[in-house]
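**Q** Structure file data-v1.cif, mmCIF, C-alpha atoms, pLDDT in the B column; chains and numbers go by the auth columns, is pasted below:
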```cif
data_entry
loop_
_atom_site.group_PDB
_atom_site.id
_atom_site.type_symbol
_atom_site.label_atom_id
_atom_site.label_comp_id
_atom_site.label_asym_id
_atom_site.label_seq_id
_atom_site.Cartn_x
_atom_site.Cartn_y
_atom_site.Cartn_z
_atom_site.B_iso_or_equiv
_atom_site.auth_seq_id
_atom_site.auth_asym_id
ATOM 1 C CA TYR A 1 0.000 0.000 0.000 52.00 4 A
ATOM 2 C CA ARG A 2 1.204 3.518 -0.614 52.00 5 A
ATOM 3 C CA PHE A 3 -0.306 6.579 1.036 52.00 6 A
ATOM 4 C CA SER A 4 0.024 8.952 -1.904 48.00 7 A
ATOM 5 C CA THR A 5 -2.050 11.744 -0.370 45.00 8 A
ATOM 6 C CA MET A 6 0.536 12.491 2.297 48.00 9 A
ATOM 7 C CA ALA A 7 3.524 14.729 1.869 54.00 10 A
ATOM 8 C CA PRO A 8 5.494 12.407 4.147 72.00 11 A
ATOM 9 C CA TYR A 9 6.167 9.125 2.388 90.00 12 A
ATOM 10 C CA VAL A 10 4.667 5.892 3.739 93.00 13 A
ATOM 11 C CA ASN A 11 4.955 2.537 2.019 95.00 14 A
ATOM 12 C CA VAL A 12 3.917 -0.857 3.382 96.00 15 A
ATOM 13 C CA LEU A 13 5.549 -3.984 1.935 96.00 16 A
ATOM 14 C CA SER A 14 4.536 -7.549 2.710 96.00 17 A
ATOM 15 C CA VAL A 15 7.809 -9.392 3.340 97.00 18 A
ATOM 16 C CA PRO A 16 8.847 -13.026 3.880 94.00 19 A
ATOM 17 C CA PRO A 17 9.056 -15.406 5.603 94.00 20 A
ATOM 18 C CA LEU A 18 5.518 -15.019 7.042 94.00 21 A
ATOM 19 C CA GLY A 19 4.013 -12.009 5.237 95.00 22 A
ATOM 20 C CA CYS A 20 4.839 -9.379 7.826 97.00 23 A
ATOM 21 C CA ASN A 21 3.939 -5.786 6.936 98.00 24 A
ATOM 22 C CA CYS A 22 7.221 -3.869 6.782 98.00 25 A
ATOM 23 C CA THR A 23 6.585 -0.116 6.850 97.00 26 A
ATOM 24 C CA ILE A 24 8.832 2.570 5.398 97.00 27 A
ATOM 25 C CA VAL A 25 8.108 6.051 6.749 96.00 28 A
ATOM 26 C CA GLY A 26 10.019 8.903 5.140 95.00 29 A
ATOM 27 C CA ASP A 27 10.319 12.657 5.362 93.00 30 A
ATOM 28 C CA THR A 28 10.083 13.947 1.788 91.00 31 A
ATOM 29 C CA GLU A 29 11.882 17.186 2.734 91.00 32 A
ATOM 30 C CA THR A 30 14.908 15.915 4.684 93.00 33 A
ATOM 31 C CA LYS A 31 14.905 12.494 2.949 94.00 34 A
ATOM 32 C CA ILE A 32 15.323 10.736 6.316 96.00 35 A
ATOM 33 C CA ALA A 33 13.466 7.446 6.826 97.00 36 A
ATOM 34 C CA CYS A 34 12.544 4.819 9.416 97.00 37 A
ATOM 35 C CA VAL A 35 11.711 1.190 8.687 98.00 38 A
ATOM 36 C CA VAL A 36 9.389 -0.757 10.989 98.00 39 A
ATOM 37 C CA ASP A 37 9.796 -4.571 11.156 98.00 40 A
ATOM 38 C CA PRO A 38 12.197 -5.654 8.393 98.00 41 A
ATOM 39 C CA GLY A 39 11.216 -9.331 8.308 96.00 42 A
ATOM 40 C CA GLY A 40 12.970 -10.060 5.025 95.00 43 A
ATOM 41 C CA ASP A 41 13.286 -9.072 1.349 96.00 44 A
ATOM 42 C CA VAL A 42 15.941 -6.524 2.253 97.00 45 A
ATOM 43 C CA ASP A 43 16.750 -5.894 -1.420 97.00 46 A
ATOM 44 C CA LYS A 44 13.155 -4.793 -1.972 97.00 47 A
ATOM 45 C CA ILE A 45 13.255 -2.504 1.084 98.00 48 A
ATOM 46 C CA LEU A 46 16.545 -0.971 -0.116 98.00 49 A
ATOM 47 C CA ALA A 47 15.170 -0.511 -3.643 98.00 50 A
ATOM 48 C CA GLU A 48 12.144 1.374 -2.267 97.00 51 A
ATOM 49 C CA LEU A 49 14.380 3.606 -0.137 97.00 52 A
ATOM 50 C CA GLU A 50 16.687 4.268 -3.070 97.00 53 A
ATOM 51 C CA GLY A 51 13.810 4.924 -5.443 96.00 54 A
ATOM 52 C CA GLN A 52 12.596 7.693 -3.132 95.00 55 A
ATOM 53 C CA GLY A 53 16.101 8.997 -2.417 96.00 56 A
ATOM 54 C CA LEU A 54 15.635 8.222 1.285 97.00 57 A
ATOM 55 C CA THR A 55 18.380 7.630 3.868 98.00 58 A
ATOM 56 C CA LEU A 56 17.500 5.058 6.519 98.00 59 A
ATOM 57 C CA LYS A 57 18.423 6.174 10.037 98.00 60 A
ATOM 58 C CA ARG A 58 16.341 3.904 12.283 98.00 61 A
ATOM 59 C CA ILE A 59 15.079 0.318 12.226 98.00 62 A
ATOM 60 C CA LEU A 60 12.154 -0.007 14.638 98.00 63 A
ATOM 61 C CA ILE A 61 11.257 -3.478 15.925 98.00 64 A
ATOM 62 C CA THR A 62 7.709 -3.874 17.259 98.00 65 A
ATOM 63 C CA HIS A 63 8.474 -7.245 18.881 98.00 66 A
ATOM 64 C CA GLY A 64 10.992 -10.045 18.885 98.00 67 A
ATOM 65 C CA HIS A 65 9.253 -12.622 16.681 98.00 68 A
ATOM 66 C CA LEU A 66 11.292 -14.008 13.795 97.00 69 A
ATOM 67 C CA ASP A 67 9.071 -12.720 10.965 97.00 70 A
ATOM 68 C CA HIS A 68 9.541 -9.113 12.104 97.00 71 A
ATOM 69 C CA ILE A 69 13.307 -9.150 12.661 97.00 72 A
ATOM 70 C CA LEU A 70 15.093 -11.538 10.273 97.00 73 A
ATOM 71 C CA GLY A 71 16.121 -8.822 7.787 96.00 74 A
ATOM 72 C CA GLY A 72 17.547 -6.574 10.502 95.00 75 A
ATOM 73 C CA GLU A 73 21.150 -7.705 10.242 94.00 76 A
ATOM 74 C CA GLU A 74 21.432 -7.178 6.481 96.00 77 A
ATOM 75 C CA LEU A 75 19.487 -3.903 6.513 97.00 78 A
ATOM 76 C CA LYS A 76 21.693 -2.483 9.283 97.00 79 A
ATOM 77 C CA ALA A 77 24.873 -3.710 7.559 96.00 80 A
ATOM 78 C CA LYS A 78 23.893 -2.003 4.303 97.00 81 A
ATOM 79 C CA THR A 79 22.601 1.290 5.725 98.00 82 A
ATOM 80 C CA GLY A 80 24.262 1.810 9.118 97.00 83 A
ATOM 81 C CA ALA A 81 20.818 2.474 10.627 98.00 84 A
ATOM 82 C CA GLU A 82 20.367 1.899 14.347 98.00 85 A
ATOM 83 C CA ILE A 83 18.072 -0.851 15.636 98.00 86 A
ATOM 84 C CA ILE A 84 15.578 0.146 18.334 98.00 87 A
ATOM 85 C CA MET A 85 13.295 -2.149 20.332 98.00 88 A
ATOM 86 C CA HIS A 86 11.937 -2.689 23.855 98.00 89 A
ATOM 87 C CA GLN A 87 14.285 -4.461 26.239 98.00 90 A
ATOM 88 C CA ASP A 88 11.580 -6.879 27.425 98.00 91 A
ATOM 89 C CA ASP A 89 11.741 -8.640 24.040 98.00 92 A
ATOM 90 C CA LEU A 90 15.510 -8.965 23.934 98.00 93 A
ATOM 91 C CA SER A 91 15.453 -12.622 25.004 97.00 94 A
ATOM 92 C CA LEU A 92 12.997 -13.487 22.202 97.00 95 A
ATOM 93 C CA TYR A 93 15.128 -11.523 19.724 97.00 96 A
ATOM 94 C CA GLU A 94 18.251 -13.362 20.832 96.00 97 A
ATOM 95 C CA ARG A 95 16.496 -16.747 20.560 95.00 98 A
ATOM 96 C CA VAL A 96 15.564 -16.213 16.923 96.00 99 A
ATOM 97 C CA ALA A 97 17.262 -19.457 15.824 96.00 100 A
ATOM 98 C CA GLU A 98 15.002 -21.460 18.178 96.00 101 A
ATOM 99 C CA GLN A 99 11.950 -19.664 16.797 97.00 102 A
ATOM 100 C CA CYS A 100 13.078 -20.460 13.244 96.00 103 A
ATOM 101 C CA ARG A 101 13.388 -24.128 14.160 96.00 104 A
ATOM 102 C CA ASP A 102 9.851 -24.171 15.598 97.00 105 A
ATOM 103 C CA PHE A 103 8.358 -22.456 12.530 96.00 106 A
ATOM 104 C CA GLY A 104 10.372 -24.420 9.950 95.00 107 A
ATOM 105 C CA VAL A 105 12.114 -21.296 8.670 95.00 108 A
ATOM 106 C CA PRO A 106 15.866 -21.234 7.861 93.00 109 A
ATOM 107 C CA PRO A 107 17.773 -19.487 10.673 92.00 110 A
ATOM 108 C CA PRO A 108 19.715 -16.289 9.912 89.00 111 A
ATOM 109 C CA ASP A 109 23.187 -16.750 8.384 85.00 112 A
ATOM 110 C CA LYS A 110 24.670 -14.380 10.945 85.00 113 A
ATOM 111 C CA PRO A 111 23.530 -13.597 14.491 86.00 114 A
ATOM 112 C CA LEU A 112 21.258 -10.569 14.694 92.00 115 A
ATOM 113 C CA PRO A 113 23.125 -7.444 15.835 94.00 116 A
ATOM 114 C CA LYS A 114 22.566 -6.232 19.372 95.00 117 A
ATOM 115 C CA PRO A 115 20.015 -3.412 19.383 97.00 118 A
ATOM 116 C CA ASP A 116 21.603 0.046 19.439 98.00 119 A
ATOM 117 C CA ALA A 117 18.992 1.462 21.790 98.00 120 A
ATOM 118 C CA PHE A 118 16.044 0.335 23.863 98.00 121 A
ATOM 119 C CA CYS A 119 12.833 2.342 23.911 98.00 122 A
ATOM 120 C CA ALA A 120 10.521 2.690 26.888 98.00 123 A
ATOM 121 C CA ASP A 121 6.822 3.471 27.131 98.00 124 A
ATOM 122 C CA GLY A 122 6.162 7.106 26.292 98.00 125 A
ATOM 123 C CA ASP A 123 9.552 7.812 24.705 98.00 126 A
ATOM 124 C CA VAL A 124 9.305 10.385 21.934 98.00 127 A
ATOM 125 C CA ILE A 125 11.909 10.125 19.173 97.00 128 A
ATOM 126 C CA THR A 126 12.533 13.090 16.876 95.00 129 A
ATOM 127 C CA TRP A 127 13.353 11.013 13.825 95.00 130 A
ATOM 128 C CA SER A 128 13.576 13.934 11.431 93.00 131 A
ATOM 129 C CA PRO A 129 13.873 17.600 12.505 91.00 132 A
ATOM 130 C CA ASN A 130 10.107 18.281 12.371 89.00 133 A
ATOM 131 C CA LEU A 131 8.715 14.768 12.830 93.00 134 A
ATOM 132 C CA THR A 132 8.233 12.680 15.956 94.00 135 A
ATOM 133 C CA LEU A 133 7.231 9.160 16.807 96.00 136 A
ATOM 134 C CA ARG A 134 5.992 7.949 20.174 98.00 137 A
ATOM 135 C CA CYS A 135 6.847 4.526 21.577 98.00 138 A
ATOM 136 C CA VAL A 136 3.878 2.874 23.281 98.00 139 A
ATOM 137 C CA HIS A 137 4.649 -0.284 25.258 98.00 140 A
ATOM 138 C CA CYS A 138 1.759 -2.738 24.681 98.00 141 A
ATOM 139 C CA PRO A 139 2.667 -6.035 26.406 98.00 142 A
ATOM 140 C CA GLY A 140 0.537 -9.117 25.792 98.00 143 A
ATOM 141 C CA HIS A 141 1.424 -10.699 22.457 98.00 144 A
ATOM 142 C CA THR A 142 5.003 -10.513 23.718 98.00 145 A
ATOM 143 C CA PRO A 143 6.408 -8.901 26.898 98.00 146 A
ATOM 144 C CA GLY A 144 8.050 -6.053 24.987 98.00 147 A
ATOM 145 C CA SER A 145 5.551 -5.467 22.180 98.00 148 A
ATOM 146 C CA THR A 146 5.714 -1.779 21.273 98.00 149 A
ATOM 147 C CA SER A 147 3.505 0.283 18.984 98.00 150 A
ATOM 148 C CA TYR A 148 5.162 3.125 17.085 98.00 151 A
ATOM 149 C CA VAL A 149 2.911 6.148 16.694 98.00 152 A
ATOM 150 C CA PHE A 150 3.962 8.578 13.957 96.00 153 A
ATOM 151 C CA GLU A 151 2.310 11.697 15.286 92.00 154 A
ATOM 152 C CA GLN A 152 2.348 13.961 12.224 91.00 155 A
ATOM 153 C CA HIS A 153 1.464 11.141 9.819 90.00 156 A
ATOM 154 C CA LYS A 154 -1.390 9.919 12.080 94.00 157 A
ATOM 155 C CA ILE A 155 -0.165 6.357 11.625 96.00 158 A
ATOM 156 C CA CYS A 156 0.224 3.649 14.244 98.00 159 A
ATOM 157 C CA CYS A 157 2.377 0.534 13.696 98.00 160 A
ATOM 158 C CA PRO A 158 1.325 -1.876 16.475 98.00 161 A
ATOM 159 C CA GLY A 159 3.079 -4.997 15.194 98.00 162 A
ATOM 160 C CA ASP A 160 1.009 -8.063 16.068 98.00 163 A
ATOM 161 C CA THR A 161 -0.851 -6.450 18.983 98.00 164 A
ATOM 162 C CA LEU A 162 -3.833 -5.228 16.937 98.00 165 A
ATOM 163 C CA PHE A 163 -5.148 -6.379 13.549 98.00 166 A
ATOM 164 C CA ALA A 164 -8.097 -5.403 11.373 98.00 167 A
ATOM 165 C CA GLY A 165 -10.916 -7.229 13.165 98.00 168 A
ATOM 166 C CA SER A 166 -8.625 -9.247 15.397 98.00 169 A
ATOM 167 C CA ILE A 167 -5.872 -9.169 18.018 98.00 170 A
ATOM 168 C CA GLY A 168 -2.477 -10.822 18.437 98.00 171 A
ATOM 169 C CA ARG A 169 -2.071 -14.485 19.189 97.00 172 A
ATOM 170 C CA THR A 170 -1.338 -15.433 22.794 97.00 173 A
ATOM 171 C CA SER A 171 -1.345 -19.256 22.805 96.00 174 A
ATOM 172 C CA TRP A 172 1.671 -21.158 21.526 96.00 175 A
ATOM 173 C CA ALA A 173 0.868 -24.841 21.969 93.00 176 A
ATOM 174 C CA GLY A 174 3.508 -26.933 20.217 93.00 177 A
ATOM 175 C CA ILE A 175 5.875 -23.973 19.828 96.00 178 A
ATOM 176 C CA PRO A 176 8.403 -24.372 22.656 96.00 179 A
ATOM 177 C CA SER A 177 10.395 -21.198 21.910 97.00 180 A
ATOM 178 C CA LEU A 178 7.320 -19.007 22.510 97.00 181 A
ATOM 179 C CA GLN A 179 5.609 -20.878 25.329 95.00 182 A
ATOM 180 C CA GLY A 180 4.755 -18.701 28.305 96.00 183 A
ATOM 181 C CA THR A 181 5.712 -15.445 26.557 97.00 184 A
ATOM 182 C CA SER A 182 2.173 -14.101 25.971 98.00 185 A
ATOM 183 C CA ASP A 183 -0.716 -12.979 28.166 97.00 186 A
ATOM 184 C CA SER A 184 -4.273 -12.968 26.810 97.00 187 A
ATOM 185 C CA GLN A 185 -5.626 -10.526 29.426 97.00 188 A
ATOM 186 C CA GLN A 186 -2.696 -8.161 29.167 98.00 189 A
ATOM 187 C CA ILE A 187 -3.035 -7.715 25.395 98.00 190 A
ATOM 188 C CA ILE A 188 -6.668 -6.571 25.743 98.00 191 A
ATOM 189 C CA GLY A 189 -5.670 -4.066 28.431 98.00 192 A
ATOM 190 C CA SER A 190 -2.830 -2.757 26.295 98.00 193 A
ATOM 191 C CA ILE A 191 -5.097 -2.219 23.285 98.00 194 A
ATOM 192 C CA LYS A 192 -7.944 -0.616 25.226 98.00 195 A
ATOM 193 C CA ASN A 193 -5.794 1.611 27.445 98.00 196 A
ATOM 194 C CA LYS A 194 -2.958 2.506 25.074 98.00 197 A
ATOM 195 C CA LEU A 195 -4.181 2.261 21.460 98.00 198 A
ATOM 196 C CA LEU A 196 -7.919 2.913 21.436 98.00 199 A
ATOM 197 C CA THR A 197 -7.189 6.238 23.148 98.00 200 A
ATOM 198 C CA LEU A 198 -5.599 7.487 19.897 98.00 201 A
ATOM 199 C CA ASP A 199 -7.717 9.665 17.592 97.00 202 A
ATOM 200 C CA ASN A 200 -10.222 7.695 15.497 97.00 203 A
ATOM 201 C CA GLU A 201 -8.625 8.754 12.207 95.00 204 A
ATOM 202 C CA TYR A 202 -5.262 7.171 13.029 96.00 205 A
ATOM 203 C CA LYS A 203 -4.413 4.615 10.357 96.00 206 A
ATOM 204 C CA VAL A 204 -3.278 1.284 11.777 97.00 207 A
ATOM 205 C CA VAL A 205 -0.630 -0.655 9.856 97.00 208 A
ATOM 206 C CA ALA A 206 -0.958 -4.008 11.605 97.00 209 A
ATOM 207 C CA GLY A 207 1.822 -6.592 11.579 98.00 210 A
ATOM 208 C CA HIS A 208 -0.047 -8.668 8.981 97.00 211 A
ATOM 209 C CA GLY A 209 -3.057 -8.226 6.709 97.00 212 A
ATOM 210 C CA ARG A 210 -4.953 -5.142 5.704 96.00 213 A
ATOM 211 C CA LEU A 211 -4.794 -1.627 7.057 96.00 214 A
ATOM 212 C CA THR A 212 -7.507 -0.305 9.329 96.00 215 A
ATOM 213 C CA THR A 213 -8.202 2.718 11.555 97.00 216 A
ATOM 214 C CA ILE A 214 -8.491 3.151 15.305 98.00 217 A
ATOM 215 C CA GLY A 215 -12.110 4.288 14.861 97.00 218 A
ATOM 216 C CA ARG A 216 -13.050 1.184 12.886 98.00 219 A
ATOM 217 C CA GLU A 217 -11.493 -1.168 15.452 98.00 220 A
ATOM 218 C CA LYS A 218 -13.257 0.636 18.327 97.00 221 A
ATOM 219 C CA GLN A 219 -16.583 0.025 16.621 97.00 222 A
ATOM 220 C CA GLN A 220 -16.167 -3.338 14.918 97.00 223 A
ATOM 221 C CA ASN A 221 -13.388 -5.444 16.477 97.00 224 A
ATOM 222 C CA PRO A 222 -15.176 -8.430 18.114 96.00 225 A
ATOM 223 C CA TYR A 223 -12.321 -8.972 20.600 95.00 226 A
ATOM 224 C CA LEU A 224 -12.659 -5.472 22.023 93.00 227 A
#
```
Kindly return the structure encoded in the file as structure tokens.

**A**
Amino acid sequence: YRFSTMAPYVNVLSVPPLGCNCTIVGDTETKIACVVDPGGDVDKILAELEGQGLTLKRILITHGHLDHILGGEELKAKTGAEIIMHQDDLSLYERVAEQCRDFGVPPPDKPLPKPDAFCADGDVITWSPNLTLRCVHCPGHTPGSTSYVFEQHKICCPGDTLFAGSIGRTSWAGIPSLQGTSDSQQIIGSIKNKLLTLDNEYKVVAGHGRLTTIGREKQQNPYL
């Protein structure tokens, strides 16, 4: 999807191995960009950045599941961008090879780089001189799940916390690497108290599937 009506550039790519929505958010004036959840297809992400003349400064990880992080090493190596995530998901991030085994996905060739910075709930990052993003800690799907709220773009990237008409998975029967890492009550609290308080017109780029809005999920999401 491309949001062509906005001066700031936003492009959402579905990337392997599990169809994660990787989001490129760029400032068309300064040509600075962020990428949320580089699961894979790094060449495609780089081609999109290059095509827009954008320089990647930050790689934002919503949570430590393999399909949202596997491209991080290559993307950082090729751009020098810093990787940012919540510390509570570091153990999941570091156990990516075990996750790959459980999901039948080839493990990364090289270990993922240590994150350059950890974000905390309420942190505001000035990612381009006139543009900010807010980090909203939304535990439940994972302990460190974080939604990135691009305040001028009116876009929220919640990872796998909130979907169009659904919410993130919290039961991992038969998946040893993820057992005991989710909380089905906590995820509902996170969504209701942290995300549904955003303005109705906020666009939601969920971790998978179609885009939605905060207003639509308030009205129609059967889990909420």

**Q** Residues picked by the PyMOL selection byres ((chain A and resi 184) around 9) here, as number ranges by chain?

**A** A: 95, 143-146, 173-175, 180-183, 185-186

**Q** Quick check on the file I pasted: which residues fall under the PyMOL selection byres ((chain A and resi 128) around 12)? Write them as a ChimeraX atom specification.

**A** /A:37,60-61,63,87,120-127,129-139,151-154

**Q** Using all atoms listed in the file, which of the listed residues (A:Pro118, A:Gly56, A:Pro109, A:Gly29) sits closest to Gly75 (chain A)?

**A**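 Of A:Pro118, A:Gly56, A:Pro109, A:Gly29, the one nearest Gly75 (chain A), counting all atoms listed in the file, is A:Pro118.
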
**Q** Which polymer residues have any atom within 7 Å of an atom of region 211-216 of chain A, counting only C-alpha atoms, with same-chain residues fewer than 3 positions away left out, as an MDAnalysis selection string?

**A** chainID A and resid 22:24 167 203:208 219:220

**Q** Return the single residue from A:Glu53, A:Asp70, A:Gly147, A:Lys195 that is closest to Ser94 (chain A), with distances computed using all atoms listed in the file.

**A**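 Closest to Ser94 (chain A) of all the choices is A:Gly147.
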
**Q** Could you check how far CA of Val18 (chain A) sits from CA of Leu198 (chain A), in Å to one decimal?

**A**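 CA of Val18 (chain A) sits 24.7 Å away from CA of Leu198 (chain A).
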
**Q** Which is closest to Cys159 (chain A) among A:Ile62, A:Ile217, A:Ala50, A:Ile86, if we use all atoms listed in the file?

**A**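 Of A:Ile62, A:Ile217, A:Ala50, A:Ile86, the one nearest Cys159 (chain A) is A:Ile217, counting all atoms listed in the file.
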
**Q** Between A:Ser150, A:Thr164, A:Thr82, A:Thr33, which one has atoms that come closest to Asp46 (chain A), using all atoms listed in the file?

**A**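 Of all the options, A:Thr82 lies closest to Asp46 (chain A).
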
**Q** Just how far from CA of Thr58 (chain A) is CA of Ala100 (chain A), in Å to one decimal?

**A**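 Distance reported for this atom pair: 29.6 Å.
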
**Q** Distance CA of Gly218 (chain A)-CA of Gly168 (chain A), one decimal place?

**A** 11.7 Å

**Q** Rank A:His71, A:Lys81, A:Lys34, A:Lys221 by their smallest atom-to-atom distance to Leu49 (chain A), using all atoms listed in the file, and report the top residue only.

**A** A:Lys81

**Q** Using only C-alpha atoms, find the one residue out of A:Cys160, A:Leu115, A:Val99, A:Leu199 that sits nearest to Cys25 (chain A).

**A**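 So, comparing all the options, the nearest one is A:Cys160.
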
**Q** If you take every atom of region 61-66 of chain A that the file lists and fit an axis-aligned box around them with 8 Å extra on each side, what centre and edge lengths come out in Å to one decimal, as AutoDock Vina command-line options?

**A**
```
--center_x 12.0 --center_y -1.7 --center_z 15.6 --size_x 24.6 --size_y 27.1 --size_z 22.7
```
